[in-house]
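Chemist: First the structure, then my questions, so here it is.
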2 protein chains.
Amino acid sequence: MTTLELLQRARAARGAMALAGTDTKNAALTAMAGALERRADAILAANALDLEAARGTISDVMLDRLALSGERIAGMARGVREVAALPDPVGEILSRAERPNGLAIERTAVPMGVIAIIYESRPNVTSDAAALALKAGSACVLRCGKEAHRSAAAIVEALKEGLTAAGLPADALGLVEDTTRASANELMTANGYVDLLIPRGGAGLIRACVEQATVPVIETGTGICHIYVDRDADQDMALDILENAKCSRPSVCNAAEVCLIHRDIAGEFLPRLKQRLTDDRAAAGKPPVELRLDSGAAEVIDGVPAGERDFDTEFLDYVMGVRLVDGVEDAMAHIAAHSTGHSESVVTENEETARKFLRGVDSAAVYWNASTRFTDGGEFGLGCEMGISTQRLHARGPMGLRELCTYKYVIRGNGQIR
Amino acid sequence: MTTLELLQRARAARGAMALAGTDTKNAALTAMAGALERRADAILAANALDLEAARGTISDVMLDRLALSGERIAGMARGVREVAALPDPVGEILSRAERPNGLAIERTAVPMGVIAIIYESRPNVTSDAAALALKAGSACVLRCGKEAHRSAAAIVEALKEGLTAAGLPADALGLVEDTTRASANELMTANGYVDLLIPRGGAGLIRACVEQATVPVIETGTGICHIYVDRDADQDMALDILENAKCSRPSVCNAAEVCLIHRDIAGEFLPRLKQRLTDDRAAAGKPPVELRLDSGAAEVIDGVPAGERDFDTEFLDYVMGVRLVDGVEDAMAHIAAHSTGHSESVVTENEETARKFLRGVDSAAVYWNASTRFTDGGEFGLGCEMGISTQRLHARGPMGLRELCTYKYVIRGNGQIR
């Protein structure tokens, strides 16, 4: 099927999705989860072919992202069931007003229409993204990277079975067959077919969407997250937060990439930081963090001198930029100049300093005395998420079901004219 | 000053705007209103030059939009004072959650940053748009059509006086000097400088922004609005609503352009419609409406046969397309195929029919037994408005102060790690 045909079918199916009741959508999601489990062998077989083809052409980290297992498929099914359990955002009355002339005006959440998602080599995104888009009452068009295409096709087949079982049109979910750049470009310019395009992947993909798309886009994911350790920090807390934010899962967007340290405590704190993130970890058999030091920090401890781009790079690895600053204002100025607007944290016992940072830092999530790793739909209580928006329009931070909807005004009158 | 310099200055001023308190912003707005009134003579003199240059090159309707008067300037000042009186959207806690791990998460409204507005020949948009953007805590960059440039420059000078009087940076408001297409293109691609671009004007301008902009855009304004007169309509009410929606101000986007009529009542209703919109108005010395009839309607009354494009045209004039339909589903199908997603109304006494229409029609505002002319920030109780969004992302329908803001998550912890 051509991409255009797929889009036409999704467009035609969106009316049925928009009018589907909560019970019907939940029945479909439950059936989708069951079908994933039932078809696990077929999905694993498709995944084995993907892995075989990819081996040697992509990094080990990427291969790990691509690999499925019985456990991972069970996790995908669990994710779909979790979406079924979330409240239905569609039809919620967001606000209501009765005007002096008697008009009753309701602002009501309604589905987006057709949501397209371009992603790369994580097959589990297939079911996560589809479940969220469908529960939000939209039709869903997926376009995955060529490495994961066989896996994604097997997953989509299972999910369509669930849609059909609940009496919803299988066309409400589609996987683009063409995995060349042409199909991505086609989605980016499919005005009249795609109501919202969400790129989930690396910085290159997201930049391409922002620059080339003529359909509405929500940017997700790139996170150059900062942790500022203030002069008045509880240093033990700062070390815990830094190790967690950097090391608990370095490949994700809410991992910290840069540590800013108040110059007045550098002499005391930097050796402790090096000990904690490098020496202690190496001794415990954990991957040590490579610290890339600005000139000030390099006067205090040994480490790799930071290169020109090291404060503008999402390492997604056991690497961290370290820079000394003159105080909270200087930290905020560095963040304003280098952050991607994802998540930043201040560690301080000084309430005034914290207030300044929380008010003045312009990122999707700003933290006081906590790890940036909490920027996540589940951790925020939104349930599952479609990604973390780093743009300002429509949705910022974790995007849950409500962020995948739009609204309309419904006005009831009895002959009012103006 | 070049457009880039203007943008750089706006960018530098946005921090001061974002941190400005409500009282400071309101003091600035009040001073802006006073300066408009005090400088009325200078503004009228600039406007006279604009009018002189434009005469003969643009239509009378456009000349009327361009023309200012003492009364219109007083209206502009009143508009700015009304914005001062509106609640400040910045800092509002939109939602709050305390998580089981003790994290306190607040979703807080924050300014957009730099809002750019491209408009055409209405000088009053200058003060309306600036007041809203500034009250919403953003810096504001304006780019008006060349016909209105002298008027806009005089208005901006007055408004800057108000900013300065309240201790806010005059650079928070800028008028692009270049009125060629180049400056519009520059704003559309000013990534890193413009956080939101709002085109206010004709369909051509809006299409250009949607197709060419790489910065976030909110489409406004194009309204091909429909009124469906059902078999079960109160026909007197339908006539009142139709005359109001078509004739009370035909040049605005919430005016109705198309009337859909249930086939079963065409024989009775069409002659009454013709009488009311054409003959009665002519007899009363009011501009009669030219009805453009589909083949079904043309069998019942005399009128101009509808051309191929007449059901896809925003006439903005005393012209209305008339088409017979087989019922509410047929009306909804026509609307889905031809509407711009602005405002549509059903006139019926049948609750079931109304419910179907309100649920199934996918436009920013859907009405039951009321005129489409109510789609307006003031009428909806939002106060003044920046325009009517016809897109689905971020804001839909009238955009008030809240729709000009974004939000961020502010999270307070005591050392939480994940």
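Residue names in the structure tokens use chain letters A, B, ... in the order shown, residue numbers from 1 in each chain, and ligand numbers from 1 in the order shown.
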Could you please tell me, as a compact mmCIF listing (two decimals) with N, CA and C atoms, in the first residue's frame, which residues of chain A have an atom within 7 Å of chain B when using only C-alpha atoms?

Modeler:
```txt
# COMPACT_ATOMS: atom_id res chain seq x y z
N MET A 112 -7.51 14.65 18.20
CA MET A 112 -6.70 15.41 17.27
C MET A 112 -7.07 15.08 15.83
N VAL A 210 11.22 19.67 12.16
CA VAL A 210 10.95 21.07 12.45
C VAL A 210 11.19 21.93 11.22
N GLU A 211 12.25 21.61 10.49
CA GLU A 211 12.60 22.46 9.34
C GLU A 211 11.72 22.19 8.12
N THR A 214 5.34 20.84 7.05
CA THR A 214 4.31 21.86 6.93
C THR A 214 3.08 21.46 7.73
N MET A 237 23.48 15.08 49.22
CA MET A 237 22.29 15.02 48.37
C MET A 237 22.68 15.30 46.91
N ILE A 241 22.01 12.84 43.74
CA ILE A 241 21.22 13.30 42.59
C ILE A 241 22.04 13.21 41.31
N ASN A 244 22.50 9.61 40.20
CA ASN A 244 21.23 9.09 39.68
C ASN A 244 20.91 9.70 38.31
N LEU A 358 13.89 28.44 39.94
CA LEU A 358 12.62 27.86 39.48
C LEU A 358 11.84 28.86 38.63
N SER A 363 12.60 26.05 31.18
CA SER A 363 12.62 24.71 30.60
C SER A 363 11.30 24.03 30.94
N ALA A 364 11.02 22.93 30.25
CA ALA A 364 9.76 22.23 30.46
C ALA A 364 9.59 21.80 31.91
N ALA A 365 10.69 21.37 32.55
CA ALA A 365 10.62 20.96 33.95
C ALA A 365 11.80 21.56 34.70
N VAL A 366 11.51 22.23 35.81
CA VAL A 366 12.57 22.80 36.64
C VAL A 366 12.43 22.22 38.05
N TYR A 367 13.54 21.69 38.58
CA TYR A 367 13.54 20.94 39.83
C TYR A 367 14.31 21.64 40.92
N TRP A 368 13.87 21.45 42.13
CA TRP A 368 14.61 21.87 43.31
C TRP A 368 14.89 20.62 44.13
N ASN A 369 16.16 20.28 44.27
CA ASN A 369 16.56 19.13 45.09
C ASN A 369 15.93 17.81 44.65
N ALA A 370 15.99 17.55 43.35
CA ALA A 370 15.54 16.23 42.87
C ALA A 370 16.24 15.96 41.54
N SER A 371 16.25 14.70 41.16
CA SER A 371 16.90 14.26 39.92
C SER A 371 16.06 14.63 38.71
N ARG A 373 15.72 12.88 36.26
CA ARG A 373 15.17 11.64 35.74
C ARG A 373 13.67 11.49 35.96
N PHE A 374 13.08 12.36 36.79
CA PHE A 374 11.64 12.25 37.04
C PHE A 374 10.79 12.84 35.92
N ARG A 392 7.24 24.89 22.95
CA ARG A 392 6.40 25.70 23.83
C ARG A 392 4.94 25.62 23.44
N LEU A 393 4.67 25.28 22.18
CA LEU A 393 3.29 25.32 21.70
C LEU A 393 2.57 24.01 22.03
N HIS A 394 1.36 24.13 22.55
CA HIS A 394 0.44 23.02 22.79
C HIS A 394 0.81 22.19 24.01
N ARG A 396 4.09 20.83 26.69
CA ARG A 396 5.47 21.00 27.15
C ARG A 396 5.72 19.92 28.20
N THR A 406 -7.24 17.84 21.22
CA THR A 406 -7.48 19.27 21.08
C THR A 406 -8.84 19.53 21.74
N TYR A 407 -9.45 20.69 21.50
CA TYR A 407 -10.77 20.94 22.07
C TYR A 407 -11.61 21.68 21.05
N LYS A 408 -12.90 21.70 21.29
CA LYS A 408 -13.76 22.60 20.52
C LYS A 408 -14.76 23.22 21.47
N TYR A 409 -15.36 24.33 21.02
CA TYR A 409 -16.40 24.98 21.81
C TYR A 409 -17.76 24.50 21.32
N VAL A 410 -18.59 24.05 22.26
CA VAL A 410 -19.95 23.64 21.95
C VAL A 410 -20.88 24.65 22.60
N ILE A 411 -21.71 25.31 21.78
CA ILE A 411 -22.53 26.42 22.27
C ILE A 411 -24.01 26.13 22.03
N ARG A 412 -24.78 26.18 23.09
CA ARG A 412 -26.22 25.93 22.97
C ARG A 412 -26.99 27.23 23.22
N GLY A 413 -27.90 27.54 22.33
CA GLY A 413 -28.67 28.77 22.47
C GLY A 413 -30.15 28.54 22.25
N ASN A 414 -30.92 29.62 22.19
CA ASN A 414 -32.34 29.52 21.83
C ASN A 414 -32.70 30.68 20.91
N GLY A 415 -31.86 30.86 19.91
CA GLY A 415 -32.15 31.88 18.90
C GLY A 415 -31.32 33.14 19.06
N GLN A 416 -30.27 33.10 19.88
CA GLN A 416 -29.46 34.32 20.09
C GLN A 416 -28.85 34.84 18.78
N ILE A 417 -28.95 36.15 18.60
CA ILE A 417 -28.23 36.84 17.54
C ILE A 417 -27.46 38.00 18.16
N ARG A 418 -26.54 38.53 17.38
CA ARG A 418 -25.63 39.53 17.92
C ARG A 418 -25.85 40.87 17.23
```

Chemist: Please return as a PyMOL selection string: the residues of region 87-330 of chain A that backbone DSSP assigns to strand (DSSP E or B).

Modeler: chain A and resi 93-98+104-111+114-119+139-143+173-175+196-200+217+220+225-229+256-262+290-293+304-305+319-325

Chemist: For Cys144 (chain B), list every protein, DNA or RNA residue within 8 Å, evaluated using only C-alpha atoms, and leave out those in the same chain fewer than 2 positions away; present the list as a PyMOL selection string.

Modeler: chain B and resi 118-121+142+146+148-149+152+175-176+179

Chemist: Taking the backbone alone, and naming residues the way the document does, which bits of region 145-292 of chain A are alpha helix (DSSP H) by DSSP, as a PDB file with C-alpha atoms, in the first residue's frame?

Modeler:
```pdb
ATOM      1  CA  HIS A 149      10.404  -2.590  10.247  1.00  0.00           C
ATOM      2  CA  ARG A 150       9.805  -6.354  10.317  1.00  0.00           C
ATOM      3  CA  SER A 151       9.262  -6.261  14.081  1.00  0.00           C
ATOM      4  CA  ALA A 152       6.932  -3.283  13.811  1.00  0.00           C
ATOM      5  CA  ALA A 153       4.913  -4.934  11.037  1.00  0.00           C
ATOM      6  CA  ALA A 154       4.385  -8.038  13.183  1.00  0.00           C
ATOM      7  CA  ILE A 155       3.351  -5.864  16.142  1.00  0.00           C
ATOM      8  CA  VAL A 156       0.947  -3.800  14.026  1.00  0.00           C
ATOM      9  CA  GLU A 157      -0.660  -6.975  12.725  1.00  0.00           C
ATOM     10  CA  ALA A 158      -1.398  -8.011  16.301  1.00  0.00           C
ATOM     11  CA  LEU A 159      -2.729  -4.577  17.197  1.00  0.00           C
ATOM     12  CA  LYS A 160      -5.053  -4.456  14.173  1.00  0.00           C
ATOM     13  CA  GLU A 161      -6.495  -7.775  15.301  1.00  0.00           C
ATOM     14  CA  GLY A 162      -7.443  -6.062  18.557  1.00  0.00           C
ATOM     15  CA  LEU A 163      -9.108  -3.152  16.760  1.00  0.00           C
ATOM     16  CA  THR A 164     -11.158  -5.486  14.584  1.00  0.00           C
ATOM     17  CA  ALA A 165     -12.157  -7.604  17.596  1.00  0.00           C
ATOM     18  CA  ARG A 181      13.488   9.100   3.530  1.00  0.00           C
ATOM     19  CA  ALA A 182      10.756   9.743   0.953  1.00  0.00           C
ATOM     20  CA  SER A 183       8.018   8.415   3.216  1.00  0.00           C
ATOM     21  CA  ALA A 184       9.156  10.565   6.143  1.00  0.00           C
ATOM     22  CA  ASN A 185       9.051  13.613   3.882  1.00  0.00           C
ATOM     23  CA  GLU A 186       5.611  12.594   2.669  1.00  0.00           C
ATOM     24  CA  LEU A 187       4.280  12.525   6.231  1.00  0.00           C
ATOM     25  CA  MET A 188       5.896  15.875   7.030  1.00  0.00           C
ATOM     26  CA  ALA A 203      18.282  15.131  17.142  1.00  0.00           C
ATOM     27  CA  GLY A 204      18.714  14.771  13.352  1.00  0.00           C
ATOM     28  CA  LEU A 205      15.201  13.400  12.846  1.00  0.00           C
ATOM     29  CA  ILE A 206      13.675  16.079  15.029  1.00  0.00           C
ATOM     30  CA  ARG A 207      15.538  18.880  13.281  1.00  0.00           C
ATOM     31  CA  ALA A 208      14.410  17.568   9.896  1.00  0.00           C
ATOM     32  CA  CYS A 209      10.782  17.561  11.038  1.00  0.00           C
ATOM     33  CA  VAL A 210      10.952  21.072  12.454  1.00  0.00           C
ATOM     34  CA  GLU A 211      12.601  22.455   9.345  1.00  0.00           C
ATOM     35  CA  GLN A 212      10.706  20.596   6.651  1.00  0.00           C
ATOM     36  CA  GLN A 235      26.621  18.009  49.100  1.00  0.00           C
ATOM     37  CA  ASP A 236      25.691  14.426  49.955  1.00  0.00           C
ATOM     38  CA  MET A 237      22.295  15.025  48.366  1.00  0.00           C
ATOM     39  CA  ALA A 238      23.968  16.622  45.355  1.00  0.00           C
ATOM     40  CA  LEU A 239      26.173  13.546  44.832  1.00  0.00           C
ATOM     41  CA  ASP A 240      23.176  11.197  45.070  1.00  0.00           C
ATOM     42  CA  ILE A 241      21.216  13.300  42.590  1.00  0.00           C
ATOM     43  CA  LEU A 242      24.135  13.607  40.184  1.00  0.00           C
ATOM     44  CA  GLU A 243      24.899   9.895  40.147  1.00  0.00           C
ATOM     45  CA  ASN A 244      21.230   9.091  39.675  1.00  0.00           C
ATOM     46  CA  ALA A 245      20.658  11.705  36.977  1.00  0.00           C
ATOM     47  CA  LYS A 246      23.768  10.693  35.037  1.00  0.00           C
ATOM     48  CA  CYS A 247      24.076   6.947  35.573  1.00  0.00           C
ATOM     49  CA  ALA A 266      34.636  23.648  43.901  1.00  0.00           C
ATOM     50  CA  GLY A 267      37.672  22.829  46.018  1.00  0.00           C
ATOM     51  CA  GLU A 268      35.633  20.662  48.352  1.00  0.00           C
ATOM     52  CA  PHE A 269      32.982  19.286  46.001  1.00  0.00           C
ATOM     53  CA  LEU A 270      34.924  18.421  42.837  1.00  0.00           C
ATOM     54  CA  PRO A 271      37.176  15.770  44.423  1.00  0.00           C
ATOM     55  CA  ARG A 272      34.088  14.182  45.979  1.00  0.00           C
ATOM     56  CA  LEU A 273      32.339  14.235  42.587  1.00  0.00           C
ATOM     57  CA  LYS A 274      35.287  12.564  40.907  1.00  0.00           C
ATOM     58  CA  ASP A 280      33.921   4.437  43.405  1.00  0.00           C
ATOM     59  CA  ARG A 281      32.012   3.252  40.364  1.00  0.00           C
ATOM     60  CA  ALA A 282      35.070   1.709  38.760  1.00  0.00           C
ATOM     61  CA  ALA A 283      35.883  -0.047  42.040  1.00  0.00           C
TER      62      ALA A 283
END
```

Chemist: For Gly34 (chain B), which of B:Met399, B:Met76, B:Ala136, B:Ala129 is the closest residue, counting only C-alpha atoms?

Modeler: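 Selected residue with least distance to Gly34 (chain B): B:Met76.
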
Chemist: Nearest residue to Val229 (chain A) out of A:Ile117, A:Val258, A:Cys140, A:Ala166, using only C-alpha atoms?

Modeler: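 Looking only at the distances to Val229 (chain A), the closest residue turns out to be A:Val258.
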
Chemist: Measuring between only C-alpha atoms, which one of B:Pro123, B:Gly296, B:Gly285, B:Gly327 shows the shortest distance to Asp50 (chain B)?

Modeler: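 Under the stated criterion, the closest residue is B:Pro123.
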
Chemist: Given the choices A:Arg355, A:Arg276, A:His226, A:Arg402, which gets closest to Thr340 (chain A) if the distance is worked out from only C-alpha atoms?

Modeler: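 Smallest distance to Thr340 (chain A) is found for A:His226.
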
Chemist: Contacts of Gly221 (chain B) at 8 Å or less, counting only C-alpha atoms, minus same-chain residues fewer than 5 places along, as a PDB file with N, CA and C atoms, in the first residue's frame?

Modeler:
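Generated output (part39.pdb):
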```
ATOM      1  N   ARG B 200      -2.343  37.483  11.049  1.00  0.00           N
ATOM      2  CA  ARG B 200      -3.726  37.975  11.091  1.00  0.00           C
ATOM      3  C   ARG B 200      -4.003  38.666   9.779  1.00  0.00           C
ATOM      4  N   GLY B 201      -4.787  38.024   8.932  1.00  0.00           N
ATOM      5  CA  GLY B 201      -5.070  38.656   7.660  1.00  0.00           C
ATOM      6  C   GLY B 201      -5.747  37.685   6.722  1.00  0.00           C
ATOM      7  N   GLY B 202      -5.569  37.916   5.445  1.00  0.00           N
ATOM      8  CA  GLY B 202      -6.267  37.153   4.436  1.00  0.00           C
ATOM      9  C   GLY B 202      -5.721  35.744   4.279  1.00  0.00           C
ATOM     10  N   CYS B 253     -14.600  37.131  10.035  1.00  0.00           N
ATOM     11  CA  CYS B 253     -14.447  35.705   9.780  1.00  0.00           C
ATOM     12  C   CYS B 253     -15.564  34.858  10.348  1.00  0.00           C
ATOM     13  N   HIS B 342     -14.002  26.722  11.316  1.00  0.00           N
ATOM     14  CA  HIS B 342     -14.167  27.903  12.178  1.00  0.00           C
ATOM     15  C   HIS B 342     -15.437  27.755  13.031  1.00  0.00           C
ATOM     16  N   GLY B 387      -7.255  36.727  17.980  1.00  0.00           N
ATOM     17  CA  GLY B 387      -7.730  36.188  16.716  1.00  0.00           C
ATOM     18  C   GLY B 387      -8.432  34.873  17.004  1.00  0.00           C
ATOM     19  N   ILE B 388      -8.947  34.278  15.933  1.00  0.00           N
ATOM     20  CA  ILE B 388      -9.660  33.005  16.057  1.00  0.00           C
ATOM     21  C   ILE B 388      -8.784  31.942  15.427  1.00  0.00           C
ATOM     22  N   SER B 389      -8.329  30.996  16.220  1.00  0.00           N
ATOM     23  CA  SER B 389      -7.497  29.930  15.673  1.00  0.00           C
ATOM     24  C   SER B 389      -8.359  28.913  14.939  1.00  0.00           C
ATOM     25  N   THR B 390      -7.934  28.579  13.730  1.00  0.00           N
ATOM     26  CA  THR B 390      -8.622  27.518  12.991  1.00  0.00           C
ATOM     27  C   THR B 390      -7.730  26.283  12.891  1.00  0.00           C
TER      28      THR B 390
END
```
